[in-house]
Amino acid sequence: MLRLMQTIRRFEERASTDYVAGDIYGTVHCYIGEEAVAVGVCSALNRDDQIISTHRGHGHCIAKGADLNRMMAELYGRETGYCKGKGGSMHIADFDIGMLGANGIVAGGISIITGAGLAAQIEGKGRVAVSFFGDGASCAGPFHESLNIAAAWKLPMVYVCENNLWAVNTAASTTLAVQDVAARAAGYGIPGIVVDGNDIFAVHAATTEAVARARAGDGPTLIECKTYRHRRHTERPSQPDVRPQAEIDAWMKKDPIDRLVDHLQAQQGQLSVEEWQAMDAEILQQVEDSVSFAKASAFPSPDRVTDDVFAA
Amino acid sequence: MTVMTYAEAGMTALAEEMRRDPLVWAVGEDLGRGGVFGQYKGLVEEFGPERISDAPISESAIMGASVGAAMAGTRPVVEMRFADFALCAVDELVNQAAKARYMLGGQTKVPMVIREPMGMWRSSAAQHSQSLESWYTHIPGLVVAVPSTPADNKGLLKAAIRADDPVVYFEHKNLWGMEGEVPDGDLLIPFGRARIEREGRDITIVSWSSQLHTASRASGILEKQDISAEVIDLRTLWPWDRDAVFASVEKTGRLLITHESVSVGGFGAEIAATVSEYLFKALKSPVRRRAAPRIPISYAPLLEDVVRVSEAQIVETVLEMMSS
């Protein structure tokens, strides 16, 4: 789990650097600081369970097992990328591992993954579907419509709200009518659970319980993970950061990776300083390799631009 | 051949496809009681509530969940009740369904049919009468079907259910009760293949959906005045049958497009522009359109009629074109 969390962090640090350097286009939304949520949730899932992500999707991809090379190639807009260079950061998907895509529309994925949950229920093989979304999306219509349908039909769903306290540059405290997003579960008669989203063990435990409930046919659970993004909404240098410095500083001290490393190192024989350094070096090399792979890959040919508009 | 109504033809198409493929299912409001226009009558008895699924009044979740279920391998038929109501789910249709295959690099497909009953019907006023088919022709990734007869409603709906792309399927509310002969068994009408409703030599009239019948009646009036109009039913607007329209205009040298939807930005403009670009020299008179003025649809019948293009207006326009 630590390896996956650190992979997310190192991958995104590099993506940010290369974005600012102009090698990656469009925009990049970093997940850094929230890694315990994606990894804590996905480590409680099977490979054929399905997830859907948000505009801040790299962490969910990596946590579900996506290939760094194809991810970086997509950010670089290359034909070897997951979406053949047609999607970019906000649309990475890998259907082979049950990752149905990042999504450029806030709340856009929630109803889609609810449909995947419906398909799983019809199929009857015990698969579950997990929706990742933020505090901002919990104020949008599709969140409420989807929770109601999933609850009414007892779909095998887990709804994971990553409450990082800010919807772009607006504080959740000014836009949410309730203290906790999890309280909204009451309106749909399903469990709503608040967990410390920077504590991977807490996230994993809550997800494990919710997944068991979903697989048993007892319907959906809403899990709210309180967390924080270390960086601005996007990596665009002109993007403002209106968050109070004291708030940022306080959350930096609760870094989920530091906490896990401290926890492991406090336990005799779990993780030595040398082992941790070696793991980090390996991860940095994998990220470096992914950049080399991306740079060595061709851009998609313009004559492929009409591919996949229609089936035929 | 069996004589049946336009609504029955759609029901037959859905029932045949649901018997053929267990992955086909339908979802929407009030389907269990047969749909708001009775176009699902009896289906829940045969297929059960899992496959004829009653949803809450949650258009965006109905559409979004269907996108997910389509990506997961099923073939949902989504009932939106009125084309107007589908606007509550445009994000899921336009930003998600239409783009998923492309933006995800061909990793997935979204085989779904979105049924949108359209058009003016019994003074239903501004929010239950619109014809918005041209909006969806603007969106890459969407197929747009506009059947005008019972046979086409069967053949196009079956083809739409089997298609691997999202198909926005407009049934005209005014046609539910229209009777016609419908071929039995596997009738599949390919997209982008127009139907010649009536052959003629002097002018080409292109239309679709309910307005096609108005154009057809107008051509009967014109015939008595010795003007032979060729009436073409496009059947699908995307893809649309350019070859059939071009062949006809090359023969007649005149083109009128008529549709119930608003003229400004309507699909008639696209056809007119395309013919002007490619067949300008074949034209004996300027291309014309007869479509609705840019006014919300009224409740009072006399006001509703103001935005309805009549056969008299079509005849009048054709006579102007013939004399120019």
# chains A, B, ... in the order shown; residues from 1 in each chain; ligands from 1
>>> select_by_dssp(residues="stretch 25-165 of chain A", states="strand (DSSP E)", output="list of chain:residue names")
A:Gln50, A:Ile51, A:Ile52, A:Ala129, A:Val130, A:Ser131, A:Phe132, A:Phe133, A:Gly134, A:Met157, A:Val158, A:Tyr159, A:Val160, A:Cys161, A:Glu162, A:Asn163
>>> closest_atom_pairs(of="chain A", to="chain B", cutoff="7 Å", atoms="only C-alpha atoms", output="JSON lines")
{"residue": "A:Tyr82", "atom": "CA", "partner": "B:Gly105", "partner_atom": "CA", "distance": 6.8}
{"residue": "A:Cys83", "atom": "CA", "partner": "B:Gly105", "partner_atom": "CA", "distance": 3.7}
{"residue": "A:Lys84", "atom": "CA", "partner": "B:Gly105", "partner_atom": "CA", "distance": 5.2}
{"residue": "A:Lys86", "atom": "CA", "partner": "B:Met103", "partner_atom": "CA", "distance": 5.3}
{"residue": "A:Gly87", "atom": "CA", "partner": "B:Met103", "partner_atom": "CA", "distance": 4.8}
{"residue": "A:His91", "atom": "CA", "partner": "B:Leu104", "partner_atom": "CA", "distance": 6.4}
{"residue": "A:Ile92", "atom": "CA", "partner": "B:Leu104", "partner_atom": "CA", "distance": 6.8}
{"residue": "A:Ala93", "atom": "CA", "partner": "B:Leu104", "partner_atom": "CA", "distance": 6.3}
{"residue": "A:Phe95", "atom": "CA", "partner": "B:Gln107", "partner_atom": "CA", "distance": 6.8}
{"residue": "A:Ser111", "atom": "CA", "partner": "B:Gly64", "partner_atom": "CA", "distance": 4.6}
{"residue": "A:Ile112", "atom": "CA", "partner": "B:Gly68", "partner_atom": "CA", "distance": 4.1}
{"residue": "A:Ile113", "atom": "CA", "partner": "B:Gly68", "partner_atom": "CA", "distance": 5.6}
{"residue": "A:Thr114", "atom": "CA", "partner": "B:Ala65", "partner_atom": "CA", "distance": 5.4}
{"residue": "A:Gly115", "atom": "CA", "partner": "B:Ala65", "partner_atom": "CA", "distance": 3.5}
{"residue": "A:Ala116", "atom": "CA", "partner": "B:Gly68", "partner_atom": "CA", "distance": 4.8}
{"residue": "A:Leu118", "atom": "CA", "partner": "B:Ala69", "partner_atom": "CA", "distance": 6.7}
{"residue": "A:Ala119", "atom": "CA", "partner": "B:Ala69", "partner_atom": "CA", "distance": 5.3}
{"residue": "A:Pro142", "atom": "CA", "partner": "B:Ala61", "partner_atom": "CA", "distance": 5.7}
{"residue": "A:Glu145", "atom": "CA", "partner": "B:Ala61", "partner_atom": "CA", "distance": 5.6}
{"residue": "A:Ser146", "atom": "CA", "partner": "B:Ala61", "partner_atom": "CA", "distance": 5.5}
{"residue": "A:Asp308", "atom": "CA", "partner": "B:Tyr102", "partner_atom": "CA", "distance": 4.9}
{"residue": "A:Val309", "atom": "CA", "partner": "B:Gly141", "partner_atom": "CA", "distance": 5.1}
{"residue": "A:Phe310", "atom": "CA", "partner": "B:Gly141", "partner_atom": "CA", "distance": 5.6}
{"residue": "A:Ala311", "atom": "CA", "partner": "B:Asp164", "partner_atom": "CA", "distance": 5.8}
>>> select_by_dssp(residues="stretch 19-74 of chain A", states="helix (DSSP H, G or I)", output="list in words")
Tyr19, Val20, Glu35, Ala36, Val37, Ala38, Val39, Gly40, Val41, Cys42, His58, Gly59, His60, Cys61, Ile62, Ala63, Lys64, Leu68, Asn69, Arg70, Met71, Met72, Ala73 and Glu74 of chain A
>>> closest_atom_pairs(of="stretch 106-213 of chain B", to="stretch 281-294 of chain B", cutoff="12 Å", atoms="only C-alpha atoms", output="Markdown table")
| residue | atom | partner | partner_atom | distance |
| --- | --- | --- | --- | --- |
| B:Gly119 | CA | B:Ala292 | CA | 11.5 |
| B:Met120 | CA | B:Ala292 | CA | 11.3 |
| B:Gln130 | CA | B:Ala292 | CA | 10.7 |
| B:Ser131 | CA | B:Ala292 | CA | 9.9 |
| B:Leu132 | CA | B:Ala292 | CA | 11.8 |
| B:Asp202 | CA | B:Lys284 | CA | 10.2 |
| B:Ile203 | CA | B:Lys284 | CA | 9.7 |
| B:Thr204 | CA | B:Val287 | CA | 10.0 |
| B:Ile205 | CA | B:Arg289 | CA | 9.5 |
| B:Val206 | CA | B:Arg289 | CA | 9.5 |
| B:Ser207 | CA | B:Arg290 | CA | 10.0 |
| B:Trp208 | CA | B:Ala291 | CA | 11.9 |
| B:Gln211 | CA | B:Ala291 | CA | 9.4 |
| B:Leu212 | CA | B:Ala291 | CA | 12.0 |
>>> closest_residue(among="A:Ala214, A:Ala66, A:Ile200, A:Ala296", to="A:Gly101", atoms="only C-alpha atoms")
A:Ala66
>>> residues_around(residues="stretch 241-245 of chain A", least_positions_apart="6", cutoff="8 Å", atoms="only C-alpha atoms", output="list in words")
Asn169, Arg232 and His233 of chain A
>>> closest_residue(among="A:Ala36, A:Leu2, A:Ala140, A:Val168", to="A:Thr234", atoms="only C-alpha atoms")
A:Val168
>>> atom_distance(atom1="atom CA of B:Ser298", atom2="atom CA of B:Ala125")
4.9 Å
>>> atom_distance(atom1="atom CA of B:Ala194", atom2="atom CA of B:Val245")
8.3 Å
>>> residues_around(residues="A:Glu74", least_positions_apart="3", cutoff="12 Å", atoms="only C-alpha atoms", output="ChimeraX atom specification")
/A:15,23-26,28,58,67-71,77-94,290-291,293-295,297-300 /B:103-105
>>> closest_residue(among="B:Ile297, B:Val3, B:Leu157, B:Val94", to="B:Ala15", atoms="only C-alpha atoms")
B:Leu157
>>> residues_around(residues="A:Asp280", least_positions_apart="3", cutoff="12 Å", atoms="only C-alpha atoms", output="ChimeraX atom specification")
/A:2-11,257,261,273-277,283-287
>>> write_last_selection(atoms="N, CA, C and O atoms", output="short mmCIF file (atom, residue, chain, number, x, y, z; two decimals), in the first residue's frame")
data_model
loop_
_atom_site.label_atom_id
_atom_site.label_comp_id
_atom_site.auth_asym_id
_atom_site.auth_seq_id
_atom_site.Cartn_x
_atom_site.Cartn_y
_atom_site.Cartn_z
N LEU A 2 1.94 1.20 0.79
CA LEU A 2 2.85 2.35 0.83
C LEU A 2 3.46 2.59 -0.55
O LEU A 2 3.57 3.73 -1.02
N ARG A 3 3.82 1.49 -1.21
CA ARG A 3 4.42 1.61 -2.54
C ARG A 3 3.46 2.30 -3.51
O ARG A 3 3.85 3.19 -4.26
N LEU A 4 2.19 1.90 -3.48
CA LEU A 4 1.21 2.52 -4.39
C LEU A 4 1.03 4.00 -4.07
O LEU A 4 0.94 4.84 -4.96
N MET A 5 0.98 4.32 -2.78
CA MET A 5 0.80 5.73 -2.40
C MET A 5 1.97 6.57 -2.87
O MET A 5 1.80 7.67 -3.42
N GLN A 6 3.15 6.05 -2.67
CA GLN A 6 4.33 6.80 -3.07
C GLN A 6 4.44 6.88 -4.60
O GLN A 6 4.91 7.87 -5.16
N THR A 7 3.95 5.84 -5.28
CA THR A 7 3.95 5.87 -6.75
C THR A 7 3.05 6.99 -7.26
O THR A 7 3.39 7.72 -8.20
N ILE A 8 1.88 7.11 -6.64
CA ILE A 8 0.98 8.21 -7.03
C ILE A 8 1.71 9.55 -6.85
O ILE A 8 1.71 10.41 -7.73
N ARG A 9 2.34 9.69 -5.70
CA ARG A 9 2.98 10.97 -5.41
C ARG A 9 4.10 11.28 -6.39
O ARG A 9 4.17 12.37 -6.96
N ARG A 10 4.97 10.32 -6.60
CA ARG A 10 6.11 10.57 -7.49
C ARG A 10 5.66 10.76 -8.94
O ARG A 10 6.23 11.57 -9.67
N PHE A 11 4.66 9.99 -9.35
CA PHE A 11 4.13 10.14 -10.70
C PHE A 11 3.60 11.56 -10.92
O PHE A 11 3.87 12.21 -11.92
N ILE A 257 1.22 9.73 3.70
CA ILE A 257 2.39 8.86 3.47
C ILE A 257 3.32 8.92 4.67
O ILE A 257 3.79 7.89 5.17
N VAL A 261 4.47 5.77 6.94
CA VAL A 261 5.90 5.46 7.13
C VAL A 261 6.23 5.49 8.63
O VAL A 261 6.88 4.56 9.13
N VAL A 273 14.84 2.49 7.43
CA VAL A 273 15.11 3.70 6.64
C VAL A 273 15.66 3.32 5.27
O VAL A 273 15.29 3.88 4.24
N GLU A 274 16.54 2.33 5.26
CA GLU A 274 17.17 1.92 4.00
C GLU A 274 16.12 1.32 3.05
O GLU A 274 16.14 1.57 1.85
N GLU A 275 15.25 0.51 3.61
CA GLU A 275 14.21 -0.12 2.76
C GLU A 275 13.31 0.95 2.13
O GLU A 275 12.95 0.86 0.96
N TRP A 276 12.98 1.92 2.93
CA TRP A 276 12.11 3.00 2.45
C TRP A 276 12.82 3.79 1.35
O TRP A 276 12.23 4.10 0.31
N GLN A 277 14.08 4.07 1.56
CA GLN A 277 14.84 4.81 0.53
C GLN A 277 14.94 3.99 -0.75
O GLN A 277 14.82 4.51 -1.86
N ILE A 283 10.67 3.49 -7.25
CA ILE A 283 9.49 4.19 -7.78
C ILE A 283 9.91 5.33 -8.69
O ILE A 283 9.36 5.50 -9.79
N LEU A 284 10.92 6.08 -8.25
CA LEU A 284 11.40 7.18 -9.09
C LEU A 284 11.90 6.66 -10.44
O LEU A 284 11.69 7.29 -11.47
N GLN A 285 12.53 5.49 -10.39
CA GLN A 285 13.01 4.91 -11.65
C GLN A 285 11.84 4.50 -12.55
O GLN A 285 11.86 4.71 -13.77
N GLN A 286 10.80 3.95 -11.94
CA GLN A 286 9.61 3.56 -12.74
C GLN A 286 8.98 4.78 -13.39
O GLN A 286 8.55 4.74 -14.54
N VAL A 287 8.93 5.88 -12.64
CA VAL A 287 8.36 7.11 -13.19
C VAL A 287 9.25 7.62 -14.32
O VAL A 287 8.76 8.02 -15.39
#
